[in-house]
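Student: Pasting in a structure now, in structure tokens, and then I'll have a few things to ask.
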Amino acid sequence: MTTNPAKALILPLSLLAAFEIWARATHLQSDSLASPSEIVMALAGAFADLSILAATRDTLFSAFAGLAIGTVIGLALGIAFGISTTLDRLMEVTVEAIRPIPSIALLPIALIALGFGYRMEIVIVAFACIWPVLILSRAAVRSIEPRLMEVARALRLPPAQRVWKIVIPAALPRIFVAFRLSAGIALIVAVTVEIAINPLGLGAGIMLAQQALRPDLMLAYLVWIGVIGYALNVLLIVAQNRLFGRAALSGDGQ
Amino acid sequence: MNRAVIIWRVASFLVAAGFIALWQLIANLKLVSPVFLPGPDRAWGALVRGFSSGDLWSKLAGTLEHMAYGWLAASIAGIAIGAIIGSSRTMRTYVAPSLEFLRPLPVSAIIPVAIAMLGLTQAMALFVIAFGAIWPIMLATIHGFAAVEPRLYEVARSLQMSRLAVIFKIALPSASPDILAGMRLSLTVALILSVVCEILAGLDGLGHWVLLSARAFRSADLFAGVILLGLTGYVTSVAMSLAEHRLLAWQAAQR
């Protein structure tokens, strides 16, 4: 589907303009809404006193740390399960029993075990990131050209080298797709944990703005969270196209 | 073949049982403080106690209710809006890009806005769950409508079918695999958002239960709640698979 940027912008811009006019005409006084110009001012203010940048750093740090840990665990399990069908079949019930637990349900456990702060958030993000990486990398390893594995066997490569020299390079494009999906999940989970309970980062910032009855600041945070989510998504798609070109498309669900 | 499958299944269950035994062992040896990690025996005991006193039943019912209402509202609205946008080329050029822009937004960020508008109420939870769950369904519907075999639309035009007839007789059936996949994704979103809303707003449900148990350091009750949430996720996704299988049987037969 081709998109025409000019036409795509008409709807959001006219909505914003209509809202601005309405807010000014009615002299909007509300705990939950603010005019677009006020939101922009609040966002500029939050940038000026660096509060939103510090919050962004906290959120992204937790999200990426969790993403890194979850990816490593998911990848290790995914490759092991992909190479050894025996292991995969033996672990099936265990994996299927743990996987459906909603990541956010672990929040109270992490809370009493680790307290507030980065650590509990990172653990929850990591848990959420393991599963997509595990499932997609397992599928990626399974779909490696069998002749490559035969070559590895003929060369009598030890298992570690087989994984490092054959499996990972061959499955890398699809592993990156899994990583991209997980990165989106990591950001969502990090913000959700912060909104639910953790006094840290963007999620805590938006909750604080709501409790302080500052709708302009609250909506400014909302817009900024949206921008971060969008930017991360675009960045990873560009990286994927640059690094792997068409190779990644075969593994992409869309 | 069939026997091998059963043997693998049994072996796999034995491995899982081994992990539970290991968990029991760790708990018994107190390698991890029992405040954080109750043994499976205590978690099971808490489950049985919770169900026999009826506490857990009402919490489970609360969570399922939030989830179901939010998800159903999202499904109906998502398919309807998706159909309107997806069936018109103009709407697709003007509206769809804005929706794509909003897609990566972490939906939980809408919670504070919903709280500011609706307070810590049941309505807030339903709004948030429906808002979060609508995206996968709506985008899948738009995608499904856009991907309908163009010749089918040509047939519709030559039969001079009305737009409604085209939607119900051609577009919806052929987009149904996409729509059902979107609905399955939304089910997970709905469960997560239900838990978050219950935690934040103190609404009756498993989310509230696990939080209260954690605050009181009743780790057995906490684990019982988490196990139930896992079961809820599992059962709903299995039910969705069965429904998908049933509803799409005609397509499988066609191919």
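Please note that chains go A, B, ... in the order of the structure tokens, that every chain numbers its residues from 1, and that ligands are numbered from 1 in the order shown.
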For chain B, report every residue with an atom at most 7 Å from chain A (counting only C-alpha atoms), formatted as number ranges by chain.
Tutor: B: 8, 11-13, 15-16, 36, 93-95, 97-98, 101, 104-106, 108-109, 112-113, 116-117, 192, 196, 199-200, 210-211, 214, 226, 229-230, 233-234
Student: Emit the selected residues as a short mmCIF file (atom, residue, chain, number, x, y, z; two decimals), in the first residue's frame, including N, CA, C and O atoms.
Tutor:
data_model
loop_
_atom_site.label_atom_id
_atom_site.label_comp_id
_atom_site.auth_asym_id
_atom_site.auth_seq_id
_atom_site.Cartn_x
_atom_site.Cartn_y
_atom_site.Cartn_z
N TRP B 8 6.05 -38.97 23.60
CA TRP B 8 6.74 -37.68 23.78
C TRP B 8 5.98 -36.79 24.73
O TRP B 8 6.55 -36.09 25.54
N ALA B 11 6.56 -37.94 28.21
CA ALA B 11 7.92 -37.58 28.63
C ALA B 11 7.99 -36.09 28.95
O ALA B 11 8.60 -35.67 29.94
N SER B 12 7.31 -35.30 28.13
CA SER B 12 7.32 -33.86 28.32
C SER B 12 6.64 -33.48 29.63
O SER B 12 7.10 -32.59 30.36
N PHE B 13 5.54 -34.18 29.94
CA PHE B 13 4.86 -33.93 31.22
C PHE B 13 5.77 -34.32 32.38
O PHE B 13 5.81 -33.65 33.41
N VAL B 15 9.01 -34.20 32.42
CA VAL B 15 10.01 -33.15 32.59
C VAL B 15 9.42 -31.99 33.39
O VAL B 15 10.05 -31.47 34.32
N ALA B 16 8.19 -31.61 33.02
CA ALA B 16 7.54 -30.51 33.74
C ALA B 16 7.37 -30.87 35.21
O ALA B 16 7.62 -30.05 36.10
N PHE B 36 9.31 -15.04 49.58
CA PHE B 36 9.19 -14.78 48.16
C PHE B 36 8.72 -16.00 47.39
O PHE B 36 8.02 -15.89 46.41
N THR B 93 -6.62 6.03 2.10
CA THR B 93 -5.54 7.00 1.89
C THR B 93 -5.50 8.04 2.99
O THR B 93 -4.44 8.50 3.37
N TYR B 94 -6.68 8.45 3.49
CA TYR B 94 -6.69 9.57 4.41
C TYR B 94 -6.58 9.15 5.88
O TYR B 94 -6.01 9.85 6.69
N VAL B 95 -7.16 8.01 6.23
CA VAL B 95 -7.24 7.64 7.65
C VAL B 95 -6.20 6.61 8.06
O VAL B 95 -5.58 6.72 9.12
N PRO B 97 -3.05 5.93 7.36
CA PRO B 97 -1.70 6.31 7.83
C PRO B 97 -1.70 6.81 9.27
O PRO B 97 -0.77 6.50 10.03
N SER B 98 -2.73 7.57 9.66
CA SER B 98 -2.80 8.04 11.05
C SER B 98 -2.87 6.87 12.00
O SER B 98 -2.26 6.87 13.07
N PHE B 101 0.40 5.27 12.40
CA PHE B 101 1.26 6.07 13.26
C PHE B 101 0.98 5.79 14.73
O PHE B 101 1.88 5.76 15.56
N PRO B 104 2.31 1.88 17.16
CA PRO B 104 3.37 1.51 18.13
C PRO B 104 3.22 2.18 19.49
O PRO B 104 4.03 1.91 20.38
N LEU B 105 2.22 3.03 19.67
CA LEU B 105 2.02 3.68 20.97
C LEU B 105 1.74 2.63 22.04
O LEU B 105 0.84 1.81 21.87
N PRO B 106 2.53 2.62 23.13
CA PRO B 106 2.19 1.69 24.21
C PRO B 106 0.81 2.06 24.76
O PRO B 106 0.64 3.14 25.32
N SER B 108 -0.91 1.27 27.22
CA SER B 108 -1.14 1.54 28.63
C SER B 108 -0.96 3.02 28.96
O SER B 108 -1.44 3.49 29.98
N ALA B 109 -0.28 3.78 28.05
CA ALA B 109 -0.10 5.21 28.30
C ALA B 109 -1.44 5.95 28.28
O ALA B 109 -1.52 7.09 28.72
N PRO B 112 -3.62 6.88 32.26
CA PRO B 112 -3.77 8.12 33.03
C PRO B 112 -4.84 9.04 32.45
O PRO B 112 -5.61 9.66 33.19
N VAL B 113 -4.89 9.11 31.12
CA VAL B 113 -5.90 9.96 30.48
C VAL B 113 -7.30 9.43 30.81
O VAL B 113 -8.20 10.20 31.16
N ALA B 116 -8.14 10.33 34.32
CA ALA B 116 -8.50 11.75 34.46
C ALA B 116 -9.93 11.98 33.98
O ALA B 116 -10.66 12.80 34.54
N MET B 117 -10.35 11.24 32.94
CA MET B 117 -11.69 11.47 32.41
C MET B 117 -12.76 10.74 33.21
O MET B 117 -13.82 11.29 33.47
N ILE B 192 -3.87 -8.54 29.81
CA ILE B 192 -2.85 -7.72 30.46
C ILE B 192 -3.44 -6.42 30.97
O ILE B 192 -3.22 -6.02 32.11
N VAL B 196 -3.71 -4.77 34.77
CA VAL B 196 -3.17 -3.45 35.10
C VAL B 196 -4.25 -2.55 35.69
O VAL B 196 -4.04 -1.87 36.70
N ILE B 199 -5.11 -3.53 39.18
CA ILE B 199 -4.07 -3.12 40.12
C ILE B 199 -4.21 -1.64 40.43
O ILE B 199 -4.16 -1.21 41.58
N LEU B 200 -4.42 -0.83 39.38
CA LEU B 200 -4.44 0.62 39.57
C LEU B 200 -5.71 1.10 40.25
O LEU B 200 -5.67 1.97 41.11
N VAL B 210 -3.60 -10.37 43.45
CA VAL B 210 -2.15 -10.62 43.53
C VAL B 210 -1.44 -9.43 44.19
O VAL B 210 -0.50 -9.61 44.96
N LEU B 211 -1.92 -8.22 43.91
CA LEU B 211 -1.27 -7.05 44.51
C LEU B 211 -1.46 -7.04 46.02
O LEU B 211 -0.51 -6.83 46.79
N ALA B 214 0.66 -9.61 47.63
CA ALA B 214 2.07 -9.21 47.67
C ALA B 214 2.29 -8.20 48.79
O ALA B 214 3.26 -8.29 49.54
N VAL B 226 -1.16 -15.86 40.36
CA VAL B 226 -0.38 -15.85 39.13
C VAL B 226 -0.65 -17.12 38.32
O VAL B 226 -0.80 -17.07 37.09
N LEU B 229 -3.87 -16.72 36.59
CA LEU B 229 -3.76 -15.81 35.44
C LEU B 229 -3.13 -16.53 34.25
O LEU B 229 -3.56 -16.34 33.11
N GLY B 230 -2.10 -17.34 34.53
CA GLY B 230 -1.50 -18.13 33.46
C GLY B 230 -2.51 -19.06 32.83
O GLY B 230 -2.60 -19.18 31.61
N GLY B 233 -4.86 -17.17 30.60
CA GLY B 233 -4.25 -16.90 29.30
C GLY B 233 -4.24 -18.14 28.43
O GLY B 233 -4.58 -18.08 27.24
N TYR B 234 -3.92 -19.28 29.03
CA TYR B 234 -3.82 -20.52 28.26
C TYR B 234 -5.18 -20.95 27.73
O TYR B 234 -5.35 -21.21 26.53
#
Student: Excluding stretch 132-134 of chain A and its own-chain neighbours fewer than 4 positions away, which residues fall within 9 Å of it when counting only C-alpha atoms? Please give them as a PyMOL selection string.
Tutor: chain A and resi 70-79+81+128+138-139+175+177-179+181-182
Student: With a distance cut-off of 8 Å and only C-alpha atoms, select the neighbouring residues of B:Leu187, excluding the residue or stretch itself and same-chain residues fewer than 2 positions from it, and output the selection as a list in words.
Tutor: Met67, Trp71, Ala133, Met183, Arg184, Leu185, Val189, Ala190, Leu191, Thr236 and Ser237 of chain B
Student: Export N, CA and C atoms of the chosen residues as a compact mmCIF listing (two decimals), in the first residue's frame?
Tutor:
# COMPACT_ATOMS: atom_id res chain seq x y z
N MET B 67 -12.23 -8.63 31.03
CA MET B 67 -11.62 -9.04 29.79
C MET B 67 -12.65 -9.22 28.70
N TRP B 71 -13.04 -6.92 25.45
CA TRP B 71 -12.63 -7.57 24.21
C TRP B 71 -13.79 -7.63 23.21
N ALA B 133 -7.48 -3.18 23.00
CA ALA B 133 -7.74 -4.40 22.23
C ALA B 133 -8.25 -4.10 20.83
N MET B 183 -8.06 -10.82 16.51
CA MET B 183 -8.83 -11.03 17.73
C MET B 183 -8.05 -11.86 18.74
N ARG B 184 -7.25 -12.80 18.22
CA ARG B 184 -6.44 -13.62 19.13
C ARG B 184 -5.38 -12.77 19.82
N LEU B 185 -4.74 -11.89 19.06
CA LEU B 185 -3.74 -10.99 19.63
C LEU B 185 -4.37 -10.10 20.69
N VAL B 189 -3.83 -8.86 24.91
CA VAL B 189 -3.80 -7.45 25.31
C VAL B 189 -4.88 -7.19 26.36
N ALA B 190 -6.07 -7.75 26.12
CA ALA B 190 -7.19 -7.52 27.04
C ALA B 190 -6.87 -8.08 28.42
N LEU B 191 -6.25 -9.26 28.47
CA LEU B 191 -5.92 -9.85 29.77
C LEU B 191 -4.91 -8.98 30.51
N THR B 236 -8.01 -19.25 27.37
CA THR B 236 -8.63 -18.38 26.38
C THR B 236 -7.95 -18.54 25.02
N SER B 237 -6.63 -18.76 25.02
CA SER B 237 -5.99 -18.87 23.71
C SER B 237 -6.31 -20.21 23.06
Student: Measuring between only C-alpha atoms, which one of A:Ala212, A:Val163, A:Ile130, A:Leu217 shows the shortest distance to A:Ser35?
Tutor: A:Leu217
Student: Which residues, written as a ChimeraX atom specification, have at least one atom at most 9 Å from stretch 240-245 of chain A, with only C-alpha atoms counted and residues fewer than 6 positions away on the same chain left out?
Tutor: /A:172-173,176-177,180
Student: Keeping only all heavy atoms, write the selected residues to a file as a JSON list (two decimals), in the first residue's frame.
Tutor:
[["chain", "number", "residue", "atom", "x", "y", "z"],
["A", 172, "LEU", "N", 20.23, -15.30, 11.08],
["A", 172, "LEU", "CA", 20.27, -13.93, 11.59],
["A", 172, "LEU", "C", 19.15, -13.01, 11.10],
["A", 172, "LEU", "O", 18.56, -12.29, 11.91],
["A", 172, "LEU", "CB", 21.65, -13.31, 11.30],
["A", 172, "LEU", "CG", 22.00, -12.14, 12.22],
["A", 172, "LEU", "CD1", 21.96, -12.57, 13.67],
["A", 172, "LEU", "CD2", 23.38, -11.60, 11.89],
["A", 173, "PRO", "N", 18.84, -13.01, 9.80],
["A", 173, "PRO", "CA", 17.77, -12.10, 9.37],
["A", 173, "PRO", "C", 16.47, -12.32, 10.13],
["A", 173, "PRO", "O", 15.83, -11.37, 10.58],
["A", 173, "PRO", "CB", 17.60, -12.43, 7.89],
["A", 173, "PRO", "CG", 18.89, -13.02, 7.47],
["A", 173, "PRO", "CD", 19.43, -13.74, 8.67],
["A", 176, "PHE", "N", 16.66, -11.19, 13.68],
["A", 176, "PHE", "CA", 16.51, -9.75, 13.84],
["A", 176, "PHE", "C", 15.04, -9.33, 13.83],
["A", 176, "PHE", "O", 14.64, -8.42, 14.54],
["A", 176, "PHE", "CB", 17.28, -9.00, 12.73],
["A", 176, "PHE", "CG", 17.40, -7.53, 13.02],
["A", 176, "PHE", "CD1", 18.40, -7.05, 13.81],
["A", 176, "PHE", "CD2", 16.46, -6.64, 12.51],
["A", 176, "PHE", "CE1", 18.49, -5.70, 14.11],
["A", 176, "PHE", "CE2", 16.55, -5.28, 12.79],
["A", 176, "PHE", "CZ", 17.56, -4.81, 13.59],
["A", 177, "VAL", "N", 14.25, -10.02, 13.02],
["A", 177, "VAL", "CA", 12.81, -9.73, 13.02],
["A", 177, "VAL", "C", 12.25, -9.98, 14.42],
["A", 177, "VAL", "O", 11.48, -9.17, 14.96],
["A", 177, "VAL", "CB", 12.07, -10.60, 11.98],
["A", 177, "VAL", "CG1", 10.57, -10.43, 12.11],
["A", 177, "VAL", "CG2", 12.52, -10.21, 10.58],
["A", 180, "ARG", "N", 13.23, -7.21, 16.66],
["A", 180, "ARG", "CA", 12.46, -5.99, 16.41],
["A", 180, "ARG", "C", 11.10, -6.08, 17.12],
["A", 180, "ARG", "O", 10.66, -5.12, 17.78],
["A", 180, "ARG", "CB", 12.27, -5.82, 14.91],
["A", 180, "ARG", "CG", 11.46, -4.61, 14.53],
["A", 180, "ARG", "CD", 11.59, -4.32, 13.05],
["A", 180, "ARG", "NE", 11.00, -5.33, 12.21],
["A", 180, "ARG", "CZ", 9.71, -5.38, 11.90],
["A", 180, "ARG", "NH1", 8.89, -4.48, 12.36],
["A", 180, "ARG", "NH2", 9.23, -6.33, 11.13]]
Student: As an exercise, work out the distance from atom CA of A:Ala183 to atom CA of A:Phe64 in Å and give it to one decimal place.
Tutor: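 Answer for the atom CA of A:Ala183 to atom CA of A:Phe64 separation: 7.6 Å.
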Student: What's the 8 Å shell around B:Phe145, counting only C-alpha atoms, without same-chain residues fewer than 3 positions away, as a list in words?
Tutor: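 These residues fall inside the cut-off: Ala83, Gly86, Ser87, Thr141, Ile142, Val148, Ala171, Leu172, Ser174 and Ala175 of chain B.
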Student: Go ahead and save the picked residues with N, CA, C and O atoms, as a PDB file, in the first residue's frame.
Tutor:
ATOM      1  N   ALA B  83     -13.966  -2.250   8.769  1.00  0.00           N
ATOM      2  CA  ALA B  83     -14.695  -2.507   7.526  1.00  0.00           C
ATOM      3  C   ALA B  83     -14.981  -1.198   6.800  1.00  0.00           C
ATOM      4  O   ALA B  83     -14.853  -1.109   5.576  1.00  0.00           O
ATOM      5  N   GLY B  86     -11.556   0.007   5.576  1.00  0.00           N
ATOM      6  CA  GLY B  86     -10.946  -0.906   4.613  1.00  0.00           C
ATOM      7  C   GLY B  86     -11.692  -0.983   3.299  1.00  0.00           C
ATOM      8  O   GLY B  86     -11.103  -1.250   2.260  1.00  0.00           O
ATOM      9  N   SER B  87     -13.014  -0.737   3.321  1.00  0.00           N
ATOM     10  CA  SER B  87     -13.785  -0.922   2.095  1.00  0.00           C
ATOM     11  C   SER B  87     -13.799   0.328   1.231  1.00  0.00           C
ATOM     12  O   SER B  87     -14.379   0.316   0.160  1.00  0.00           O
ATOM     13  N   THR B 141      -8.445  -6.006  10.220  1.00  0.00           N
ATOM     14  CA  THR B 141      -9.596  -5.918   9.335  1.00  0.00           C
ATOM     15  C   THR B 141      -9.270  -5.056   8.115  1.00  0.00           C
ATOM     16  O   THR B 141      -9.583  -5.431   6.978  1.00  0.00           O
ATOM     17  N   ILE B 142      -8.635  -3.911   8.349  1.00  0.00           N
ATOM     18  CA  ILE B 142      -8.271  -3.039   7.221  1.00  0.00           C
ATOM     19  C   ILE B 142      -7.346  -3.795   6.271  1.00  0.00           C
ATOM     20  O   ILE B 142      -7.539  -3.807   5.058  1.00  0.00           O
ATOM     21  N   VAL B 148      -8.161  -8.380  -0.262  1.00  0.00           N
ATOM     22  CA  VAL B 148      -9.133  -9.241  -0.938  1.00  0.00           C
ATOM     23  C   VAL B 148      -8.788  -9.331  -2.417  1.00  0.00           C
ATOM     24  O   VAL B 148      -8.412  -8.339  -3.047  1.00  0.00           O
ATOM     25  N   ALA B 171     -16.059  -9.285   1.339  1.00  0.00           N
ATOM     26  CA  ALA B 171     -14.877  -8.817   2.068  1.00  0.00           C
ATOM     27  C   ALA B 171     -14.730  -9.495   3.428  1.00  0.00           C
ATOM     28  O   ALA B 171     -13.666 -10.025   3.746  1.00  0.00           O
ATOM     29  N   LEU B 172     -15.806  -9.512   4.227  1.00  0.00           N
ATOM     30  CA  LEU B 172     -15.693 -10.097   5.571  1.00  0.00           C
ATOM     31  C   LEU B 172     -15.274 -11.562   5.530  1.00  0.00           C
ATOM     32  O   LEU B 172     -14.347 -11.957   6.228  1.00  0.00           O
ATOM     33  N   SER B 174     -13.629 -13.184   3.252  1.00  0.00           N
ATOM     34  CA  SER B 174     -12.261 -13.436   2.796  1.00  0.00           C
ATOM     35  C   SER B 174     -11.242 -12.791   3.728  1.00  0.00           C
ATOM     36  O   SER B 174     -10.082 -13.192   3.732  1.00  0.00           O
ATOM     37  N   ALA B 175     -11.661 -11.812   4.533  1.00  0.00           N
ATOM     38  CA  ALA B 175     -10.730 -11.217   5.497  1.00  0.00           C
ATOM     39  C   ALA B 175     -10.774 -11.943   6.836  1.00  0.00           C
ATOM     40  O   ALA B 175     -10.018 -11.590   7.742  1.00  0.00           O
TER      41      ALA B 175
END
Student: In Å, how far is it from atom CA of A:Pro146 to atom CA of A:Cys129?
Tutor: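 So the two atoms, atom CA of A:Pro146 and atom CA of A:Cys129, lie 28.4 Å apart.
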Student: Within 9 Å of B:Ala46, counting only C-alpha atoms, which residues qualify if same-chain residues fewer than 3 places away don't, as a compact mmCIF listing (two decimals) with all heavy atoms, in the first residue's frame?
Tutor:
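This went into selection31.txt:
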# COMPACT_ATOMS: atom_id res chain seq x y z
N ASP B 41 3.47 -27.00 46.97
CA ASP B 41 2.44 -27.53 47.89
C ASP B 41 1.65 -26.38 48.52
O ASP B 41 0.43 -26.43 48.59
CB ASP B 41 3.10 -28.40 48.97
CG ASP B 41 4.26 -27.70 49.68
OD1 ASP B 41 4.76 -26.70 49.13
OD2 ASP B 41 4.66 -28.15 50.76
N ARG B 42 2.37 -25.32 48.93
CA ARG B 42 1.67 -24.20 49.57
C ARG B 42 0.84 -23.41 48.55
O ARG B 42 -0.26 -22.95 48.86
CB ARG B 42 2.67 -23.28 50.27
CG ARG B 42 3.14 -23.83 51.61
CD ARG B 42 4.17 -22.92 52.24
NE ARG B 42 3.68 -21.56 52.41
CZ ARG B 42 4.46 -20.47 52.34
NH1 ARG B 42 5.75 -20.60 52.09
NH2 ARG B 42 3.96 -19.28 52.52
N ALA B 43 1.39 -23.27 47.32
CA ALA B 43 0.62 -22.57 46.28
C ALA B 43 -0.66 -23.34 45.97
O ALA B 43 -1.74 -22.76 45.84
CB ALA B 43 1.47 -22.41 45.02
N ARG B 49 -7.79 -23.55 48.98
CA ARG B 49 -8.44 -22.76 50.01
C ARG B 49 -9.24 -21.62 49.39
O ARG B 49 -10.38 -21.36 49.75
CB ARG B 49 -7.39 -22.21 50.96
CG ARG B 49 -7.86 -22.06 52.39
CD ARG B 49 -6.71 -21.74 53.34
NE ARG B 49 -5.78 -20.77 52.80
CZ ARG B 49 -4.50 -21.02 52.54
NH1 ARG B 49 -4.00 -22.21 52.78
NH2 ARG B 49 -3.71 -20.09 52.05
N GLY B 50 -8.59 -20.93 48.42
CA GLY B 50 -9.25 -19.79 47.78
C GLY B 50 -10.52 -20.20 47.06
O GLY B 50 -11.54 -19.50 47.13
N PHE B 51 -10.49 -21.34 46.39
CA PHE B 51 -11.68 -21.77 45.67
C PHE B 51 -12.76 -22.26 46.60
O PHE B 51 -13.94 -22.02 46.36
CB PHE B 51 -11.33 -22.84 44.64
CG PHE B 51 -10.85 -22.26 43.34
CD1 PHE B 51 -9.59 -22.50 42.86
CD2 PHE B 51 -11.69 -21.42 42.61
CE1 PHE B 51 -9.16 -21.93 41.67
CE2 PHE B 51 -11.28 -20.86 41.41
CZ PHE B 51 -10.00 -21.12 40.95
N ALA B 220 1.94 -17.47 49.10
CA ALA B 220 1.21 -18.62 48.55
C ALA B 220 -0.02 -18.13 47.79
O ALA B 220 -0.29 -18.58 46.66
CB ALA B 220 0.80 -19.57 49.68
N ASP B 221 -0.76 -17.17 48.37
CA ASP B 221 -1.92 -16.62 47.68
C ASP B 221 -1.49 -15.92 46.39
O ASP B 221 -2.16 -15.99 45.36
CB ASP B 221 -2.65 -15.62 48.58
CG ASP B 221 -3.41 -16.31 49.69
OD1 ASP B 221 -3.64 -17.54 49.55
OD2 ASP B 221 -3.76 -15.66 50.67
N LEU B 222 -0.37 -15.22 46.48
CA LEU B 222 0.15 -14.51 45.31
C LEU B 222 0.43 -15.48 44.17
O LEU B 222 -0.01 -15.28 43.03
CB LEU B 222 1.43 -13.77 45.72
CG LEU B 222 2.33 -13.21 44.63
CD1 LEU B 222 1.57 -12.27 43.74
CD2 LEU B 222 3.49 -12.46 45.26
N PHE B 223 1.12 -16.58 44.48
CA PHE B 223 1.42 -17.56 43.43
C PHE B 223 0.15 -18.21 42.90
O PHE B 223 0.04 -18.49 41.70
CB PHE B 223 2.41 -18.62 43.94
CG PHE B 223 3.83 -18.22 43.73
CD1 PHE B 223 4.38 -17.16 44.42
CD2 PHE B 223 4.63 -18.89 42.82
CE1 PHE B 223 5.69 -16.76 44.22
CE2 PHE B 223 5.94 -18.51 42.61
CZ PHE B 223 6.48 -17.45 43.31
N ALA B 224 -0.80 -18.45 43.81
CA ALA B 224 -2.08 -19.02 43.35
C ALA B 224 -2.71 -18.09 42.31
O ALA B 224 -3.20 -18.55 41.27
CB ALA B 224 -3.01 -19.22 44.54
Student: For atom CA of B:Gly18 and atom CA of A:Val123, quote the distance in Å rounded to one decimal.
Tutor: 24.3 Å
Student: Got a sec: who's within 9 Å of B:Leu56, counting only C-alpha atoms, leaving out chain neighbours fewer than 4 positions off, as a compact mmCIF listing (two decimals) with N, CA and C atoms, in the first residue's frame?
Tutor:
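And here is the file that came out, part_39.txt:
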# COMPACT_ATOMS: atom_id res chain seq x y z
N LEU B 47 -4.56 -22.28 46.44
CA LEU B 47 -5.56 -22.37 45.37
C LEU B 47 -6.81 -23.06 45.88
N ARG B 49 -7.79 -23.55 48.98
CA ARG B 49 -8.44 -22.76 50.01
C ARG B 49 -9.24 -21.62 49.39
N GLY B 50 -8.59 -20.93 48.42
CA GLY B 50 -9.25 -19.79 47.78
C GLY B 50 -10.52 -20.20 47.06
N PHE B 51 -10.49 -21.34 46.39
CA PHE B 51 -11.68 -21.77 45.67
C PHE B 51 -12.76 -22.26 46.60
N SER B 52 -12.34 -22.96 47.69
CA SER B 52 -13.39 -23.50 48.55
C SER B 52 -14.06 -22.39 49.35
N LEU B 60 -11.65 -14.39 39.96
CA LEU B 60 -11.49 -14.90 38.61
C LEU B 60 -12.63 -14.40 37.73
N ALA B 61 -13.85 -14.45 38.29
CA ALA B 61 -15.02 -13.99 37.52
C ALA B 61 -14.86 -12.51 37.19
N GLY B 205 -10.82 -8.32 41.12
CA GLY B 205 -10.27 -9.20 40.09
C GLY B 205 -8.94 -9.77 40.53
N LEU B 206 -8.37 -10.63 39.68
CA LEU B 206 -7.13 -11.30 40.07
C LEU B 206 -5.96 -10.33 40.20
N TRP B 209 -6.12 -8.99 43.53
CA TRP B 209 -5.81 -10.08 44.47
C TRP B 209 -4.30 -10.30 44.59
N GLY B 225 -2.67 -16.78 42.58
CA GLY B 225 -3.24 -15.82 41.64
C GLY B 225 -2.51 -15.82 40.31
Student: Assign secondary structure with DSSP using the backbone only, and return the residues of stretch 26-116 of chain B in alpha helix (DSSP H) as an MDAnalysis selection string.
Tutor: chainID B and resid 26:28 40:53 55:86 89:94 96:102 110:116
